[in-house]
>>> print(open('protein-v9.cif').read())   # mmCIF, all heavy atoms
data_entry
loop_
_atom_site.label_atom_id
_atom_site.label_comp_id
_atom_site.auth_asym_id
_atom_site.auth_seq_id
_atom_site.Cartn_x
_atom_site.Cartn_y
_atom_site.Cartn_z
N MET A 23 7.20 -0.53 1.65
CA MET A 23 6.84 0.66 0.89
C MET A 23 7.65 0.74 -0.40
O MET A 23 7.10 1.11 -1.43
CB MET A 23 7.08 1.90 1.75
CG MET A 23 6.93 3.21 1.02
SD MET A 23 5.27 3.63 0.54
CE MET A 23 4.85 4.77 1.80
N ARG A 24 8.90 0.38 -0.35
CA ARG A 24 9.74 0.54 -1.55
C ARG A 24 9.23 -0.27 -2.73
O ARG A 24 9.41 0.15 -3.87
CB ARG A 24 11.17 0.15 -1.24
CG ARG A 24 11.85 1.13 -0.33
CD ARG A 24 13.27 0.75 -0.04
NE ARG A 24 13.83 1.72 0.88
CZ ARG A 24 15.00 1.63 1.41
NH1 ARG A 24 15.77 0.60 1.13
NH2 ARG A 24 15.43 2.55 2.24
N GLU A 25 8.59 -1.40 -2.47
CA GLU A 25 8.12 -2.24 -3.58
C GLU A 25 6.96 -1.61 -4.35
O GLU A 25 6.72 -1.96 -5.49
CB GLU A 25 7.75 -3.64 -3.10
CG GLU A 25 6.53 -3.73 -2.21
CD GLU A 25 6.80 -3.52 -0.73
OE1 GLU A 25 7.95 -3.21 -0.35
OE2 GLU A 25 5.85 -3.65 0.05
N ILE A 26 6.26 -0.66 -3.74
CA ILE A 26 5.14 -0.03 -4.45
C ILE A 26 5.49 1.35 -5.00
O ILE A 26 4.68 1.96 -5.68
CB ILE A 26 3.87 0.03 -3.58
CG1 ILE A 26 4.01 1.00 -2.41
CG2 ILE A 26 3.46 -1.34 -3.11
CD1 ILE A 26 2.73 1.25 -1.66
N LEU A 27 6.69 1.84 -4.73
CA LEU A 27 7.07 3.18 -5.20
C LEU A 27 6.97 3.35 -6.72
O LEU A 27 6.51 4.41 -7.17
CB LEU A 27 8.47 3.54 -4.70
CG LEU A 27 8.55 3.94 -3.24
CD1 LEU A 27 9.98 4.22 -2.84
CD2 LEU A 27 7.66 5.13 -2.93
N PRO A 28 7.37 2.38 -7.55
CA PRO A 28 7.22 2.58 -8.99
C PRO A 28 5.77 2.82 -9.41
O PRO A 28 5.49 3.70 -10.23
CB PRO A 28 7.78 1.29 -9.60
CG PRO A 28 8.75 0.78 -8.57
CD PRO A 28 8.12 1.14 -7.25
N ALA A 29 4.84 2.07 -8.84
CA ALA A 29 3.42 2.27 -9.16
C ALA A 29 2.94 3.63 -8.68
O ALA A 29 2.24 4.35 -9.42
CB ALA A 29 2.57 1.17 -8.54
N LEU A 30 3.33 4.01 -7.47
CA LEU A 30 2.92 5.32 -6.95
C LEU A 30 3.49 6.46 -7.79
O LEU A 30 2.78 7.43 -8.08
CB LEU A 30 3.37 5.49 -5.50
CG LEU A 30 2.80 4.51 -4.47
CD1 LEU A 30 3.33 4.85 -3.09
CD2 LEU A 30 1.30 4.49 -4.51
N ALA A 31 4.73 6.33 -8.19
CA ALA A 31 5.35 7.37 -9.02
C ALA A 31 4.64 7.48 -10.37
O ALA A 31 4.41 8.59 -10.86
CB ALA A 31 6.83 7.06 -9.23
N GLY A 32 4.28 6.35 -10.94
CA GLY A 32 3.55 6.36 -12.22
C GLY A 32 2.18 7.00 -12.08
O GLY A 32 1.78 7.82 -12.92
N TRP A 33 1.44 6.62 -11.04
CA TRP A 33 0.13 7.22 -10.82
C TRP A 33 0.25 8.72 -10.57
O TRP A 33 -0.51 9.51 -11.12
CB TRP A 33 -0.57 6.57 -9.63
CG TRP A 33 -1.07 5.17 -9.88
CD1 TRP A 33 -1.17 4.54 -11.08
CD2 TRP A 33 -1.54 4.25 -8.91
NE1 TRP A 33 -1.67 3.26 -10.90
CE2 TRP A 33 -1.90 3.07 -9.58
CE3 TRP A 33 -1.66 4.29 -7.53
CZ2 TRP A 33 -2.40 1.96 -8.92
CZ3 TRP A 33 -2.17 3.18 -6.87
CH2 TRP A 33 -2.54 2.02 -7.56
N HIS A 34 1.22 9.11 -9.76
CA HIS A 34 1.41 10.54 -9.47
C HIS A 34 1.76 11.32 -10.74
O HIS A 34 1.19 12.39 -10.99
CB HIS A 34 2.50 10.71 -8.41
CG HIS A 34 2.79 12.13 -8.07
ND1 HIS A 34 1.92 12.92 -7.36
CD2 HIS A 34 3.85 12.92 -8.37
CE1 HIS A 34 2.42 14.11 -7.22
NE2 HIS A 34 3.60 14.14 -7.83
N ALA A 35 2.68 10.79 -11.54
CA ALA A 35 3.09 11.47 -12.77
C ALA A 35 1.93 11.61 -13.74
O ALA A 35 1.84 12.60 -14.47
CB ALA A 35 4.25 10.72 -13.42
N ALA A 36 1.02 10.63 -13.75
CA ALA A 36 -0.13 10.67 -14.65
C ALA A 36 -1.30 11.45 -14.06
O ALA A 36 -2.33 11.60 -14.71
CB ALA A 36 -0.57 9.24 -14.97
N GLY A 37 -1.16 11.94 -12.84
CA GLY A 37 -2.24 12.70 -12.21
C GLY A 37 -3.39 11.83 -11.74
O GLY A 37 -4.50 12.31 -11.56
N ILE A 38 -3.12 10.54 -11.53
CA ILE A 38 -4.15 9.60 -11.09
C ILE A 38 -4.22 9.62 -9.56
O ILE A 38 -3.21 9.41 -8.90
CB ILE A 38 -3.84 8.18 -11.58
CG1 ILE A 38 -3.82 8.15 -13.11
CG2 ILE A 38 -4.84 7.17 -11.03
CD1 ILE A 38 -3.31 6.86 -13.71
N PRO A 39 -5.40 9.88 -9.00
CA PRO A 39 -5.51 9.89 -7.54
C PRO A 39 -5.42 8.47 -6.98
O PRO A 39 -5.76 7.49 -7.67
CB PRO A 39 -6.90 10.48 -7.29
CG PRO A 39 -7.67 10.13 -8.51
CD PRO A 39 -6.67 10.16 -9.65
N PHE A 40 -4.96 8.34 -5.75
CA PHE A 40 -4.88 7.03 -5.11
C PHE A 40 -4.92 7.21 -3.60
O PHE A 40 -4.64 8.29 -3.08
CB PHE A 40 -3.61 6.28 -5.52
CG PHE A 40 -2.31 7.00 -5.23
CD1 PHE A 40 -1.68 6.86 -4.00
CD2 PHE A 40 -1.74 7.82 -6.19
CE1 PHE A 40 -0.48 7.52 -3.74
CE2 PHE A 40 -0.55 8.49 -5.93
CZ PHE A 40 0.08 8.33 -4.70
N GLY A 41 -5.32 6.15 -2.93
CA GLY A 41 -5.30 6.12 -1.47
C GLY A 41 -4.13 5.28 -1.01
O GLY A 41 -3.78 4.29 -1.66
N LEU A 42 -3.51 5.67 0.08
CA LEU A 42 -2.33 4.96 0.59
C LEU A 42 -2.55 4.61 2.05
O LEU A 42 -2.91 5.47 2.86
CB LEU A 42 -1.09 5.84 0.45
CG LEU A 42 0.23 5.28 0.96
CD1 LEU A 42 0.63 4.03 0.18
CD2 LEU A 42 1.32 6.34 0.86
N ALA A 43 -2.35 3.34 2.39
CA ALA A 43 -2.42 2.89 3.79
C ALA A 43 -1.05 2.37 4.18
O ALA A 43 -0.40 1.66 3.41
CB ALA A 43 -3.45 1.77 3.92
N THR A 44 -0.61 2.72 5.38
CA THR A 44 0.69 2.28 5.89
C THR A 44 0.52 1.76 7.31
O THR A 44 -0.11 2.41 8.14
CB THR A 44 1.69 3.45 5.89
OG1 THR A 44 1.78 4.00 4.58
CG2 THR A 44 3.07 2.98 6.33
N VAL A 45 1.06 0.60 7.58
CA VAL A 45 1.05 0.05 8.95
C VAL A 45 2.05 0.86 9.77
O VAL A 45 3.22 0.95 9.41
CB VAL A 45 1.44 -1.45 8.95
CG1 VAL A 45 1.50 -1.98 10.37
CG2 VAL A 45 0.47 -2.26 8.11
N VAL A 46 1.57 1.45 10.86
CA VAL A 46 2.45 2.26 11.70
C VAL A 46 2.82 1.55 13.00
O VAL A 46 3.81 1.90 13.64
CB VAL A 46 1.85 3.65 11.99
CG1 VAL A 46 1.75 4.45 10.70
CG2 VAL A 46 0.52 3.55 12.68
N ALA A 47 2.01 0.58 13.42
CA ALA A 47 2.30 -0.18 14.64
C ALA A 47 1.51 -1.47 14.63
O ALA A 47 0.47 -1.55 13.95
CB ALA A 47 1.94 0.63 15.88
N VAL A 48 1.98 -2.46 15.33
CA VAL A 48 1.25 -3.73 15.47
C VAL A 48 1.21 -4.10 16.95
O VAL A 48 2.06 -3.68 17.73
CB VAL A 48 1.87 -4.87 14.64
CG1 VAL A 48 1.82 -4.55 13.16
CG2 VAL A 48 3.29 -5.16 15.07
N SER A 49 0.23 -4.89 17.30
CA SER A 49 0.10 -5.39 18.65
C SER A 49 0.10 -6.91 18.59
O SER A 49 -0.70 -7.50 17.86
CB SER A 49 -1.21 -4.88 19.25
OG SER A 49 -1.38 -5.37 20.56
N ARG A 50 1.01 -7.53 19.28
CA ARG A 50 1.20 -8.99 19.26
C ARG A 50 1.65 -9.41 17.87
O ARG A 50 2.39 -8.71 17.20
CB ARG A 50 -0.04 -9.71 19.72
CG ARG A 50 -0.45 -9.35 21.14
CD ARG A 50 -1.56 -10.21 21.60
NE ARG A 50 -2.19 -9.58 22.76
CZ ARG A 50 -3.22 -10.07 23.36
NH1 ARG A 50 -3.75 -11.20 22.94
NH2 ARG A 50 -3.73 -9.45 24.39
N SER A 51 1.17 -10.55 17.41
CA SER A 51 1.61 -11.03 16.11
C SER A 51 0.77 -10.41 15.00
O SER A 51 -0.41 -10.12 15.20
CB SER A 51 1.53 -12.56 16.02
OG SER A 51 0.18 -12.97 16.04
N ALA A 52 1.37 -10.18 13.87
CA ALA A 52 0.69 -9.59 12.73
C ALA A 52 1.37 -10.09 11.46
O ALA A 52 2.58 -10.33 11.47
CB ALA A 52 0.75 -8.07 12.80
N PRO A 53 0.60 -10.25 10.37
CA PRO A 53 1.21 -10.75 9.14
C PRO A 53 2.22 -9.80 8.52
O PRO A 53 3.16 -10.23 7.87
CB PRO A 53 0.03 -10.99 8.20
CG PRO A 53 -1.12 -10.27 8.80
CD PRO A 53 -0.83 -10.07 10.25
N ARG A 54 2.03 -8.50 8.70
CA ARG A 54 2.96 -7.50 8.16
C ARG A 54 3.32 -6.53 9.27
O ARG A 54 2.49 -6.18 10.10
CB ARG A 54 2.32 -6.73 7.00
CG ARG A 54 1.82 -7.55 5.82
CD ARG A 54 2.92 -8.14 4.94
NE ARG A 54 3.95 -7.24 4.53
CZ ARG A 54 3.97 -6.54 3.41
NH1 ARG A 54 2.99 -6.60 2.55
NH2 ARG A 54 5.00 -5.76 3.14
N GLY A 55 4.53 -6.07 9.26
CA GLY A 55 4.99 -5.17 10.30
C GLY A 55 4.88 -3.71 9.93
O GLY A 55 4.45 -3.36 8.83
N PRO A 56 5.28 -2.84 10.85
CA PRO A 56 5.29 -1.41 10.57
C PRO A 56 6.09 -1.11 9.30
O PRO A 56 7.14 -1.70 9.06
CB PRO A 56 5.97 -0.81 11.80
CG PRO A 56 5.66 -1.78 12.89
CD PRO A 56 5.72 -3.13 12.22
N GLY A 57 5.56 -0.21 8.50
CA GLY A 57 6.18 0.14 7.23
C GLY A 57 5.53 -0.53 6.04
O GLY A 57 5.70 -0.08 4.91
N ALA A 58 4.77 -1.61 6.26
CA ALA A 58 4.06 -2.26 5.15
C ALA A 58 3.06 -1.26 4.58
O ALA A 58 2.43 -0.50 5.31
CB ALA A 58 3.34 -3.51 5.64
N ALA A 59 2.92 -1.25 3.27
CA ALA A 59 2.05 -0.26 2.63
C ALA A 59 1.24 -0.88 1.51
O ALA A 59 1.64 -1.87 0.88
CB ALA A 59 2.89 0.89 2.08
N MET A 60 0.08 -0.28 1.26
CA MET A 60 -0.82 -0.69 0.19
C MET A 60 -1.45 0.58 -0.39
O MET A 60 -1.81 1.50 0.35
CB MET A 60 -1.92 -1.59 0.76
CG MET A 60 -2.95 -2.03 -0.25
SD MET A 60 -4.24 -3.06 0.49
CE MET A 60 -5.34 -1.80 1.12
N ALA A 61 -1.57 0.61 -1.70
CA ALA A 61 -2.23 1.73 -2.36
C ALA A 61 -3.35 1.20 -3.24
O ALA A 61 -3.25 0.10 -3.79
CB ALA A 61 -1.24 2.53 -3.21
N VAL A 62 -4.41 2.00 -3.37
CA VAL A 62 -5.55 1.64 -4.19
C VAL A 62 -5.83 2.79 -5.16
O VAL A 62 -5.97 3.94 -4.74
CB VAL A 62 -6.81 1.37 -3.34
CG1 VAL A 62 -7.98 0.97 -4.22
CG2 VAL A 62 -6.53 0.29 -2.30
N GLY A 63 -5.90 2.45 -6.45
CA GLY A 63 -6.21 3.45 -7.46
C GLY A 63 -7.70 3.60 -7.65
O GLY A 63 -8.49 2.81 -7.11
N PRO A 64 -8.14 4.58 -8.43
CA PRO A 64 -9.56 4.86 -8.60
C PRO A 64 -10.32 3.74 -9.31
O PRO A 64 -11.54 3.65 -9.18
CB PRO A 64 -9.59 6.16 -9.42
CG PRO A 64 -8.27 6.18 -10.12
CD PRO A 64 -7.30 5.50 -9.20
N ASP A 65 -9.61 2.89 -10.03
CA ASP A 65 -10.27 1.78 -10.73
C ASP A 65 -10.27 0.50 -9.89
O ASP A 65 -10.68 -0.55 -10.36
CB ASP A 65 -9.61 1.53 -12.07
CG ASP A 65 -8.14 1.14 -11.95
OD1 ASP A 65 -7.60 1.16 -10.83
OD2 ASP A 65 -7.54 0.81 -12.99
N GLY A 66 -9.79 0.59 -8.65
CA GLY A 66 -9.74 -0.57 -7.77
C GLY A 66 -8.45 -1.35 -7.83
O GLY A 66 -8.29 -2.34 -7.12
N GLU A 67 -7.51 -0.91 -8.65
CA GLU A 67 -6.21 -1.59 -8.71
C GLU A 67 -5.50 -1.45 -7.38
O GLU A 67 -5.45 -0.36 -6.81
CB GLU A 67 -5.35 -1.01 -9.82
CG GLU A 67 -4.00 -1.69 -9.94
CD GLU A 67 -3.11 -1.11 -11.01
OE1 GLU A 67 -3.54 -0.18 -11.73
OE2 GLU A 67 -1.97 -1.59 -11.14
N VAL A 68 -4.97 -2.55 -6.86
CA VAL A 68 -4.28 -2.57 -5.57
C VAL A 68 -2.82 -2.94 -5.79
O VAL A 68 -2.52 -3.89 -6.52
CB VAL A 68 -4.92 -3.58 -4.61
CG1 VAL A 68 -4.14 -3.68 -3.31
CG2 VAL A 68 -6.37 -3.21 -4.33
N VAL A 69 -1.92 -2.20 -5.17
CA VAL A 69 -0.50 -2.56 -5.14
C VAL A 69 -0.06 -2.60 -3.69
O VAL A 69 -0.49 -1.80 -2.87
CB VAL A 69 0.38 -1.58 -5.96
CG1 VAL A 69 0.08 -1.66 -7.45
CG2 VAL A 69 0.24 -0.15 -5.49
N GLY A 70 0.76 -3.57 -3.36
CA GLY A 70 1.25 -3.73 -2.01
C GLY A 70 0.27 -4.51 -1.15
O GLY A 70 -0.73 -5.05 -1.63
N SER A 71 0.56 -4.58 0.14
CA SER A 71 -0.24 -5.34 1.08
C SER A 71 0.00 -4.84 2.49
O SER A 71 1.12 -4.52 2.86
CB SER A 71 0.13 -6.83 0.99
OG SER A 71 -0.51 -7.57 1.99
N VAL A 72 -1.07 -4.76 3.28
CA VAL A 72 -0.93 -4.42 4.68
C VAL A 72 -1.29 -5.57 5.61
O VAL A 72 -1.15 -5.47 6.81
CB VAL A 72 -1.76 -3.17 5.07
CG1 VAL A 72 -1.21 -1.93 4.39
CG2 VAL A 72 -3.23 -3.36 4.78
N SER A 73 -1.79 -6.67 5.01
CA SER A 73 -2.26 -7.76 5.86
C SER A 73 -1.86 -9.14 5.40
O SER A 73 -2.33 -10.12 5.96
CB SER A 73 -3.77 -7.70 5.94
OG SER A 73 -4.32 -8.11 4.70
N GLY A 74 -1.05 -9.25 4.39
CA GLY A 74 -0.72 -10.55 3.88
C GLY A 74 -1.83 -11.18 3.06
O GLY A 74 -1.83 -12.37 2.79
N GLY A 75 -2.84 -10.40 2.68
CA GLY A 75 -3.90 -10.89 1.81
C GLY A 75 -5.30 -10.94 2.41
O GLY A 75 -6.26 -11.00 1.68
N CYS A 76 -5.44 -10.94 3.73
CA CYS A 76 -6.78 -11.11 4.30
C CYS A 76 -7.61 -9.82 4.30
O CYS A 76 -8.82 -9.87 4.42
CB CYS A 76 -6.72 -11.72 5.69
SG CYS A 76 -5.76 -10.79 6.89
N VAL A 77 -7.01 -8.65 4.14
CA VAL A 77 -7.77 -7.40 4.06
C VAL A 77 -7.96 -6.99 2.61
O VAL A 77 -9.02 -6.53 2.22
CB VAL A 77 -7.03 -6.28 4.83
CG1 VAL A 77 -7.67 -4.92 4.53
CG2 VAL A 77 -7.05 -6.54 6.31
N GLU A 78 -6.96 -7.18 1.81
CA GLU A 78 -7.02 -6.73 0.42
C GLU A 78 -8.14 -7.41 -0.31
O GLU A 78 -8.80 -6.88 -1.13
CB GLU A 78 -5.70 -7.01 -0.30
CG GLU A 78 -4.56 -6.17 0.22
CD GLU A 78 -3.89 -6.73 1.48
OE1 GLU A 78 -4.40 -7.67 2.08
OE2 GLU A 78 -2.88 -6.19 1.88
#
>>> encode(input="protein-v9.cif", output="structure tokens")
Amino acid sequence: MREILPALAGWHAAGIPFGLATVVAVSRSAPRGPGAAMAVGPDGEVVGSVSGGCVE
């Protein structure tokens, strides 16, 4: 999550809406663990990752 905070802060300060996804739990093996986060802006810009690239 910390790696995407600058982008989120910028979007928030500019009043730009965004969606935020956060991994809260995993079952068995997973590419990213709990706490991994990804945000998507209204223009489709993506910051962060919740799957190591296969979902984004």
>>> atom_distance(input="protein-v9.cif", atom1="atom C of Val46 (chain A)", atom2="CA of Val68 (chain A)")
20.3 Å
>>> closest_residue(input="protein-v9.cif", among="A:Ile26, A:Val69, A:Ala31, A:Ala59", to="Val45 (chain A)", atoms="all atoms listed in the file")
A:Ala59
>>> atom_distance(input="protein-v9.cif", atom1="CA of Val72 (chain A)", atom2="CA of Met23 (chain A)")
10.0 Å
>>> residues_near_point(input="protein-v9.cif", point="(3.6, -1.9, -4.6)", cutoff="12 Å", atoms="only C-alpha atoms", output="ChimeraX atom specification")
/A:23-33,42-44,58-63,67-72
>>> residues_around(input="protein-v9.cif", residues="Ala52 (chain A)", least_positions_apart="3", cutoff="12 Å", atoms="only C-alpha atoms", output="PyMOL selection string")
chain A and resi 45+47-49+55-56+58+72-76
>>> select_by_dssp(input="protein-v9.cif", residues="chain A", states="strand (DSSP E or B)", output="list in words")
Gly41, Leu42, Ala43, Thr44, Ala59, Met60, Ala61, Val62, Val68, Val69 and Gly70 of chain A
>>> atom_distance(input="protein-v9.cif", atom1="CG1 of Ile38 (chain A)", atom2="CB of Pro64 (chain A)")
7.1 Å
>>> axis_aligned_box(input="protein-v9.cif", around="region 38-48 of chain A", padding_each_side="4 Å", output="lines of an AutoDock Vina configuration file")
center_x = -1.9
center_y = 2.7
center_z = 2.0
size_x = 19.5
size_y = 23.7
size_z = 39.4
>>> select_by_dssp(input="protein-v9.cif", residues="chain A", states="helix (DSSP H, G or I)", output="JSON list (two decimals) with all heavy atoms, in the coordinates of the input")
[["chain", "number", "residue", "atom", "x", "y", "z"],
["A", 24, "ARG", "N", 8.90, 0.38, -0.35],
["A", 24, "ARG", "CA", 9.74, 0.54, -1.55],
["A", 24, "ARG", "C", 9.23, -0.27, -2.73],
["A", 24, "ARG", "O", 9.41, 0.15, -3.87],
["A", 24, "ARG", "CB", 11.17, 0.15, -1.24],
["A", 24, "ARG", "CG", 11.85, 1.13, -0.33],
["A", 24, "ARG", "CD", 13.27, 0.75, -0.04],
["A", 24, "ARG", "NE", 13.83, 1.72, 0.88],
["A", 24, "ARG", "CZ", 15.00, 1.63, 1.41],
["A", 24, "ARG", "NH1", 15.77, 0.60, 1.13],
["A", 24, "ARG", "NH2", 15.43, 2.55, 2.24],
["A", 25, "GLU", "N", 8.59, -1.40, -2.47],
["A", 25, "GLU", "CA", 8.12, -2.24, -3.58],
["A", 25, "GLU", "C", 6.96, -1.61, -4.35],
["A", 25, "GLU", "O", 6.72, -1.96, -5.49],
["A", 25, "GLU", "CB", 7.75, -3.64, -3.10],
["A", 25, "GLU", "CG", 6.53, -3.73, -2.21],
["A", 25, "GLU", "CD", 6.80, -3.52, -0.73],
["A", 25, "GLU", "OE1", 7.95, -3.21, -0.35],
["A", 25, "GLU", "OE2", 5.85, -3.65, 0.05],
["A", 26, "ILE", "N", 6.26, -0.66, -3.74],
["A", 26, "ILE", "CA", 5.14, -0.03, -4.45],
["A", 26, "ILE", "C", 5.49, 1.35, -5.00],
["A", 26, "ILE", "O", 4.68, 1.96, -5.68],
["A", 26, "ILE", "CB", 3.87, 0.03, -3.58],
["A", 26, "ILE", "CG1", 4.01, 1.00, -2.41],
["A", 26, "ILE", "CG2", 3.46, -1.34, -3.11],
["A", 26, "ILE", "CD1", 2.73, 1.25, -1.66],
["A", 27, "LEU", "N", 6.69, 1.84, -4.73],
["A", 27, "LEU", "CA", 7.07, 3.18, -5.20],
["A", 27, "LEU", "C", 6.97, 3.35, -6.72],
["A", 27, "LEU", "O", 6.51, 4.41, -7.17],
["A", 27, "LEU", "CB", 8.47, 3.54, -4.70],
["A", 27, "LEU", "CG", 8.55, 3.94, -3.24],
["A", 27, "LEU", "CD1", 9.98, 4.22, -2.84],
["A", 27, "LEU", "CD2", 7.66, 5.13, -2.93],
["A", 28, "PRO", "N", 7.37, 2.38, -7.55],
["A", 28, "PRO", "CA", 7.22, 2.58, -8.99],
["A", 28, "PRO", "C", 5.77, 2.82, -9.41],
["A", 28, "PRO", "O", 5.49, 3.70, -10.23],
["A", 28, "PRO", "CB", 7.78, 1.29, -9.60],
["A", 28, "PRO", "CG", 8.75, 0.78, -8.57],
["A", 28, "PRO", "CD", 8.12, 1.14, -7.25],
["A", 29, "ALA", "N", 4.84, 2.07, -8.84],
["A", 29, "ALA", "CA", 3.42, 2.27, -9.16],
["A", 29, "ALA", "C", 2.94, 3.63, -8.68],
["A", 29, "ALA", "O", 2.24, 4.35, -9.42],
["A", 29, "ALA", "CB", 2.57, 1.17, -8.54],
["A", 30, "LEU", "N", 3.33, 4.01, -7.47],
["A", 30, "LEU", "CA", 2.92, 5.32, -6.95],
["A", 30, "LEU", "C", 3.49, 6.46, -7.79],
["A", 30, "LEU", "O", 2.78, 7.43, -8.08],
["A", 30, "LEU", "CB", 3.37, 5.49, -5.50],
["A", 30, "LEU", "CG", 2.80, 4.51, -4.47],
["A", 30, "LEU", "CD1", 3.33, 4.85, -3.09],
["A", 30, "LEU", "CD2", 1.30, 4.49, -4.51],
["A", 31, "ALA", "N", 4.73, 6.33, -8.19],
["A", 31, "ALA", "CA", 5.35, 7.37, -9.02],
["A", 31, "ALA", "C", 4.64, 7.48, -10.37],
["A", 31, "ALA", "O", 4.41, 8.59, -10.86],
["A", 31, "ALA", "CB", 6.83, 7.06, -9.23],
["A", 32, "GLY", "N", 4.28, 6.35, -10.94],
["A", 32, "GLY", "CA", 3.55, 6.36, -12.22],
["A", 32, "GLY", "C", 2.18, 7.00, -12.08],
["A", 32, "GLY", "O", 1.78, 7.82, -12.92],
["A", 33, "TRP", "N", 1.44, 6.62, -11.04],
["A", 33, "TRP", "CA", 0.13, 7.22, -10.82],
["A", 33, "TRP", "C", 0.25, 8.72, -10.57],
["A", 33, "TRP", "O", -0.51, 9.51, -11.12],
["A", 33, "TRP", "CB", -0.57, 6.57, -9.63],
["A", 33, "TRP", "CG", -1.07, 5.17, -9.88],
["A", 33, "TRP", "CD1", -1.17, 4.54, -11.08],
["A", 33, "TRP", "CD2", -1.54, 4.25, -8.91],
["A", 33, "TRP", "NE1", -1.67, 3.26, -10.90],
["A", 33, "TRP", "CE2", -1.90, 3.07, -9.58],
["A", 33, "TRP", "CE3", -1.66, 4.29, -7.53],
["A", 33, "TRP", "CZ2", -2.40, 1.96, -8.92],
["A", 33, "TRP", "CZ3", -2.17, 3.18, -6.87],
["A", 33, "TRP", "CH2", -2.54, 2.02, -7.56],
["A", 34, "HIS", "N", 1.22, 9.11, -9.76],
["A", 34, "HIS", "CA", 1.41, 10.54, -9.47],
["A", 34, "HIS", "C", 1.76, 11.32, -10.74],
["A", 34, "HIS", "O", 1.19, 12.39, -10.99],
["A", 34, "HIS", "CB", 2.50, 10.71, -8.41],
["A", 34, "HIS", "CG", 2.79, 12.13, -8.07],
["A", 34, "HIS", "ND1", 1.92, 12.92, -7.36],
["A", 34, "HIS", "CD2", 3.85, 12.92, -8.37],
["A", 34, "HIS", "CE1", 2.42, 14.11, -7.22],
["A", 34, "HIS", "NE2", 3.60, 14.14, -7.83],
["A", 35, "ALA", "N", 2.68, 10.79, -11.54],
["A", 35, "ALA", "CA", 3.09, 11.47, -12.77],
["A", 35, "ALA", "C", 1.93, 11.61, -13.74],
["A", 35, "ALA", "O", 1.84, 12.60, -14.47],
["A", 35, "ALA", "CB", 4.25, 10.72, -13.42]]
